[in-house]
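Everything on this sheet refers to the single structure shown next.
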Amino acid sequence: MQWDEDKMALVDFAVAAYITPFLPGGGRERTWGIVVGPPASGKTELLRMFLDYNPEKEAARRTVMQDDLTENALVSGFRSEDDPAYDPSLLARLDFRRNPVGPKVLVVKEMGPILGLPRERRSRFFNQMRKAFDGDYNHGSGSLGTTYYKLGFGFLGAATEAVDDAKKQDQPLGERIVLCRMNQGGRDWVGRRGRIMSALTSDPIEKELHREIIRSTFVREADTIIRKLAETPNFKVDQPHELVLRLAALADLITIIRTVPVSDQTHASAAEEGTRLSLQLQTWADALATFDGRTAWDEADYSLMLRIARDTLPPDFLRVLAVIWGGSPTEAVKSKGADRIRLLSQSGDSLNRQLTQWTLSGLLWGAGGSAYAMTSEIIGMITETKFFDGLDLSKLLGYNRA
């Protein structure tokens, strides 16, 4: 697929997301993720490898693969007179008690139909997802009474950047689902042309063979790891204190950044706490280390945590931060006018409200006359977490040099 190192991080993200529900420890924070990218960027190709079937015989599957979802897919009050015990609900297929007994993983190749729903209907679906996230779900139906689902499933989806609007409009969704982007920002002319040429010159038969090798290899390796985890009562991944401190600062920073105004009329008086995100990233790093056969975190695990943390932010937020940061702590303390920030970051009219929110949250301080600079605490967090490491800020900000 001609993927460079930047895109290969998505493989780490995806395989770690798949493994996380199988890590021992009922007190772990659940880790649900969405791969975000434009059409034809390889999202579906990446998710194909999780289809766990045996071509020679049909067997119970851990992976519940969906091409897309409807708003009524999770729970259903329908029962057939011919087979009243059959439950067509998606949650029934994800139930912990269904064979193979244990966690399942829901993989959705296209989140577009859900994200495209009117806000009220979309919110109803994600409210159900939030309840399922907590591990148990009781569904009441007038004809069936109450149906109980024992859950604990992983979730991995694919979406375009339409997911950013949904996350801004529905903050609780943003607390539970993190993102990893096909492109961290900016134009990549060489990479684009290389992937097009690779598609044009590839052998369709060979491509299908490689696809099956990737799928079967992952399924085999994942099965081995999951079995080993089930047989390891004292499972533990060592976490160097220096990386734990860096993770704490990263979660604190990201949750301050991603806090948005409550509505068009009201700002949040306090930023989201970083506890849930830190525990999610901790689990993600444990899963990646486990899949790689390591017993302790290293810089590769922190790199994944940093990638997820940055990608979870809306792209316009990242561009605004890059403008205010200016490339160094020395530039970050200099005040910059809101109009200039908007122009250089290519942001919309809602930026003023977000700048006010960030001032209330402690990310920025107002220098008067609609000018802003980063607070010393935030500059310290950005430096400690190496937040901008690996990002080409000029590429991220495009061609606007006003």
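Residues are named by chain letter and number: chains run A, B, ... in the order of the structure tokens, numbers start at 1 in each chain, and ligands are numbered from 1 in the order shown.
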Env of Met65 of chain A: 10 Å cut, atoms = only C-alpha atoms, seq-sep filter 2 positions within chain, self excluded. Answer as a ChimeraX atom specification.
/A:47-48,50-52,61-63,67-68,105-109,156-157
I want to know what sits within 8 Å of segment 368-376 of chain A, based on only C-alpha atoms, with residues of the same chain fewer than 2 positions away left out; could you give that as a compact mmCIF listing (two decimals) with N, CA, C and O atoms, in the first residue's frame?
```
# COMPACT_ATOMS: atom_id res chain seq x y z
N ILE A 324 -0.24 29.46 17.53
CA ILE A 324 0.05 30.15 18.79
C ILE A 324 1.41 29.71 19.34
O ILE A 324 2.16 30.52 19.89
N TRP A 325 1.75 28.43 19.18
CA TRP A 325 3.04 27.92 19.62
C TRP A 325 4.17 28.60 18.86
O TRP A 325 5.20 28.97 19.44
N ALA A 332 5.71 31.18 21.84
CA ALA A 332 4.41 30.89 22.44
C ALA A 332 3.98 31.93 23.47
O ALA A 332 2.78 32.12 23.71
N VAL A 333 4.94 32.62 24.09
CA VAL A 333 4.59 33.63 25.10
C VAL A 333 4.25 34.97 24.47
O VAL A 333 3.78 35.88 25.15
N LYS A 334 4.48 35.11 23.15
CA LYS A 334 4.16 36.36 22.47
C LYS A 334 2.68 36.37 22.09
O LYS A 334 2.16 35.40 21.55
N SER A 335 2.01 37.47 22.38
CA SER A 335 0.58 37.55 22.08
C SER A 335 0.35 37.66 20.57
O SER A 335 1.13 38.30 19.86
N LYS A 336 -0.73 37.05 20.12
CA LYS A 336 -1.09 37.05 18.70
C LYS A 336 -2.56 37.39 18.60
O LYS A 336 -3.40 36.88 19.35
N GLY A 337 -2.91 38.23 17.64
CA GLY A 337 -4.28 38.67 17.45
C GLY A 337 -5.17 37.54 16.96
O GLY A 337 -4.74 36.67 16.20
N ALA A 338 -6.44 37.58 17.38
CA ALA A 338 -7.39 36.52 17.00
C ALA A 338 -7.56 36.44 15.48
O ALA A 338 -7.68 35.34 14.92
N GLY A 362 -7.56 27.81 31.04
CA GLY A 362 -6.17 27.96 31.44
C GLY A 362 -5.15 27.65 30.37
O GLY A 362 -3.94 27.64 30.62
N LEU A 363 -5.61 27.42 29.14
CA LEU A 363 -4.68 27.15 28.04
C LEU A 363 -4.03 28.44 27.55
O LEU A 363 -2.83 28.47 27.23
N LEU A 364 -4.81 29.52 27.49
CA LEU A 364 -4.35 30.81 26.99
C LEU A 364 -4.57 31.89 28.04
O LEU A 364 -5.36 31.72 28.97
N TRP A 365 -3.88 32.98 27.86
CA TRP A 365 -4.23 34.18 28.61
C TRP A 365 -4.48 35.29 27.62
O TRP A 365 -3.86 35.37 26.57
N GLY A 366 -5.49 36.11 27.92
CA GLY A 366 -5.86 37.20 27.02
C GLY A 366 -4.95 38.39 27.25
O GLY A 366 -4.81 38.88 28.37
N ILE A 378 0.90 25.65 30.33
CA ILE A 378 0.69 24.91 29.09
C ILE A 378 2.00 24.77 28.31
O ILE A 378 2.30 23.70 27.74
N ILE A 379 2.80 25.82 28.29
CA ILE A 379 4.10 25.73 27.62
C ILE A 379 4.94 24.64 28.27
O ILE A 379 5.61 23.85 27.59
N GLY A 380 4.88 24.55 29.61
CA GLY A 380 5.60 23.50 30.31
C GLY A 380 5.10 22.11 29.93
O GLY A 380 5.90 21.18 29.73
```
Check the smallest atom-to-atom distance from each of A:Leu94, A:Met182, A:Ala14, A:Ala270 to Pro38 of chain A using only C-alpha atoms, then report the winner.
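Nearest candidate to Pro38 of chain A out of A:Leu94, A:Met182, A:Ala14, A:Ala270: A:Met182.
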Please provide as an NGL selection string all residues within 8 Å of segment 279-284 of chain A, with the sequence filter that same-chain residues fewer than 5 positions apart are discarded (counting only C-alpha atoms).
:A and (13 or 16-17 or 20 or 28-31 or 247 or 305 or 308)
Take the residues from that selection and write them out as a compact mmCIF listing (two decimals), in the first residue's frame, keeping N, CA and C atoms.
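In the end it all went to part.txt:
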```
# COMPACT_ATOMS: atom_id res chain seq x y z
N PHE A 13 -2.00 1.26 16.19
CA PHE A 13 -3.26 1.71 16.80
C PHE A 13 -4.34 0.64 16.68
N ALA A 16 -3.53 -2.81 18.57
CA ALA A 16 -3.63 -2.60 20.02
C ALA A 16 -5.09 -2.43 20.44
N ALA A 17 -5.88 -1.73 19.62
CA ALA A 17 -7.30 -1.57 19.92
C ALA A 17 -7.99 -2.93 19.97
N THR A 20 -6.95 -4.86 23.34
CA THR A 20 -7.24 -4.28 24.65
C THR A 20 -8.37 -4.97 25.44
N ARG A 28 -9.81 -2.01 34.11
CA ARG A 28 -9.20 -1.25 33.02
C ARG A 28 -10.22 -0.34 32.34
N GLU A 29 -9.76 0.80 31.87
CA GLU A 29 -10.61 1.69 31.08
C GLU A 29 -10.75 1.12 29.69
N ARG A 30 -11.96 1.11 29.16
CA ARG A 30 -12.19 0.58 27.82
C ARG A 30 -11.57 1.52 26.78
N THR A 31 -11.12 0.92 25.71
CA THR A 31 -10.43 1.70 24.67
C THR A 31 -11.13 1.47 23.34
N LEU A 247 2.87 10.67 30.41
CA LEU A 247 1.49 10.34 30.06
C LEU A 247 0.51 11.20 30.85
N MET A 305 0.87 6.64 22.18
CA MET A 305 0.02 7.46 23.04
C MET A 305 -0.03 8.90 22.56
N ILE A 308 -2.14 9.09 19.28
CA ILE A 308 -3.58 9.02 19.57
C ILE A 308 -4.06 10.33 20.18
```
Asn234 of chain A surroundings by only C-alpha atoms, 12 Å radius, close-in-sequence under 5 positions cut, as a list in words:
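In the requested format, the answer is Leu23, Pro24, Gly25, Lys228 and Leu229 of chain A.
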Store the residues of this selection in a file with N, CA, C and O atoms, as a short mmCIF file (atom, residue, chain, number, x, y, z; two decimals), in the first residue's frame.
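Listing of result.cif after writing:
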```cif
data_model
loop_
_atom_site.label_atom_id
_atom_site.label_comp_id
_atom_site.auth_asym_id
_atom_site.auth_seq_id
_atom_site.Cartn_x
_atom_site.Cartn_y
_atom_site.Cartn_z
N LEU A 23 -7.08 -7.91 27.64
CA LEU A 23 -6.11 -7.74 28.71
C LEU A 23 -6.77 -8.01 30.05
O LEU A 23 -7.85 -7.50 30.33
N PRO A 24 -6.14 -8.80 30.92
CA PRO A 24 -6.73 -9.07 32.24
C PRO A 24 -6.86 -7.79 33.06
O PRO A 24 -6.08 -6.85 32.90
N GLY A 25 -7.84 -7.79 33.95
CA GLY A 25 -8.04 -6.64 34.83
C GLY A 25 -9.36 -5.97 34.55
O GLY A 25 -9.47 -5.18 33.60
N LYS A 228 -2.76 -16.83 25.59
CA LYS A 228 -1.71 -16.64 26.58
C LYS A 228 -2.16 -15.70 27.69
O LYS A 228 -1.89 -15.93 28.88
N LEU A 229 -2.86 -14.64 27.32
CA LEU A 229 -3.37 -13.70 28.33
C LEU A 229 -4.35 -14.38 29.27
O LEU A 229 -4.35 -14.14 30.48
#
```
Using DSSP on the backbone coordinates, identify the residues of segment 39-287 of chain A assigned to helix (DSSP H, G or I); present them as a ChimeraX atom specification.
/A:43-50,90-94,112-115,119-133,162-169,171-176,189-201,204-230,241-257,275-287
Give the answer as one residue: which of A:Gly194, A:Pro240, A:Gly348, A:Pro113 has the shortest atom-to-atom distance to Phe125 of chain A, using only C-alpha atoms?
A:Pro113
Nearby residues (only C-alpha atoms) at most 9 Å from Asp298 of chain A, same-chain spacing under 6 positions excluded, as a list in words:
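Answer for this query is Gln239, Pro240, Leu243 and Ala289 of chain A.
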Write out as a ChimeraX atom specification all residues of segment 198-381 of chain A that backbone DSSP assigns to strand (DSSP E or B).
/A:238,296,336-337,364-366,371-374
Now that the selection is made, can you save its residues with N, CA, C and O atoms as a compact mmCIF listing (two decimals), in the first residue's frame?
```txt
# COMPACT_ATOMS: atom_id res chain seq x y z
N ASP A 238 5.34 -3.60 32.77
CA ASP A 238 6.06 -2.59 33.53
C ASP A 238 5.98 -1.24 32.83
O ASP A 238 6.09 -1.15 31.60
N ALA A 296 7.53 -4.46 29.06
CA ALA A 296 7.65 -3.11 29.62
C ALA A 296 7.46 -2.09 28.50
O ALA A 296 7.76 -2.35 27.34
N LYS A 336 -0.73 37.05 20.12
CA LYS A 336 -1.09 37.05 18.70
C LYS A 336 -2.56 37.39 18.60
O LYS A 336 -3.40 36.88 19.35
N GLY A 337 -2.91 38.23 17.64
CA GLY A 337 -4.28 38.67 17.45
C GLY A 337 -5.17 37.54 16.96
O GLY A 337 -4.74 36.67 16.20
N LEU A 364 -4.81 29.52 27.49
CA LEU A 364 -4.35 30.81 26.99
C LEU A 364 -4.57 31.89 28.04
O LEU A 364 -5.36 31.72 28.97
N TRP A 365 -3.88 32.98 27.86
CA TRP A 365 -4.23 34.18 28.61
C TRP A 365 -4.48 35.29 27.62
O TRP A 365 -3.86 35.37 26.57
N GLY A 366 -5.49 36.11 27.92
CA GLY A 366 -5.86 37.20 27.02
C GLY A 366 -4.95 38.39 27.25
O GLY A 366 -4.81 38.88 28.37
N ALA A 371 -6.18 39.53 21.70
CA ALA A 371 -4.87 38.91 21.47
C ALA A 371 -4.64 37.85 22.54
O ALA A 371 -5.09 38.00 23.68
N TYR A 372 -3.94 36.78 22.15
CA TYR A 372 -3.78 35.63 23.06
C TYR A 372 -2.36 35.09 23.00
O TYR A 372 -1.67 35.18 21.99
N ALA A 373 -1.94 34.49 24.12
CA ALA A 373 -0.66 33.78 24.20
C ALA A 373 -0.87 32.58 25.12
O ALA A 373 -1.83 32.51 25.87
N MET A 374 0.04 31.61 25.04
CA MET A 374 -0.07 30.43 25.89
C MET A 374 0.37 30.74 27.31
O MET A 374 1.30 31.53 27.53
```
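Across A:Asp223, A:Asp349, A:Glu242, A:Asp165, the tightest approach to Tyr18 of chain A is made by A:Asp223 when counting only C-alpha atoms.
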Do you know which residues are at most 6 Å from Phe96 of chain A counting only C-alpha atoms, after dropping those on the same chain fewer than 2 positions away, and could you put them as an NGL selection string?
:A and (98 or 101-103 or 150-151)
Expected file: the selected residues, C-alpha atoms, as a JSON list (two decimals), in the first residue's frame:
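Okay, this is what ended up in result_28.json:
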```json
[["chain", "number", "residue", "atom", "x", "y", "z"],
["A", 98, "ARG", "CA", -21.91, -16.02, 23.34],
["A", 101, "VAL", "CA", -17.16, -17.03, 25.61],
["A", 102, "GLY", "CA", -15.36, -13.81, 26.49],
["A", 103, "PRO", "CA", -14.85, -10.36, 25.00],
["A", 150, "LYS", "CA", -23.37, -8.82, 29.53],
["A", 151, "LEU", "CA", -20.83, -6.83, 27.58]]
```
Could you pull the residues within 7 Å of Ile114 of chain A, counting only C-alpha atoms, minus those fewer than 3 positions along the same chain, as a ChimeraX atom specification?
/A:69-71,111,117,122
Name the closest residue to Lys131 of chain A among the candidates A:Arg353, A:Arg176, A:His267, A:Arg246; distances are taken between atoms, counting only C-alpha atoms.
A:Arg176
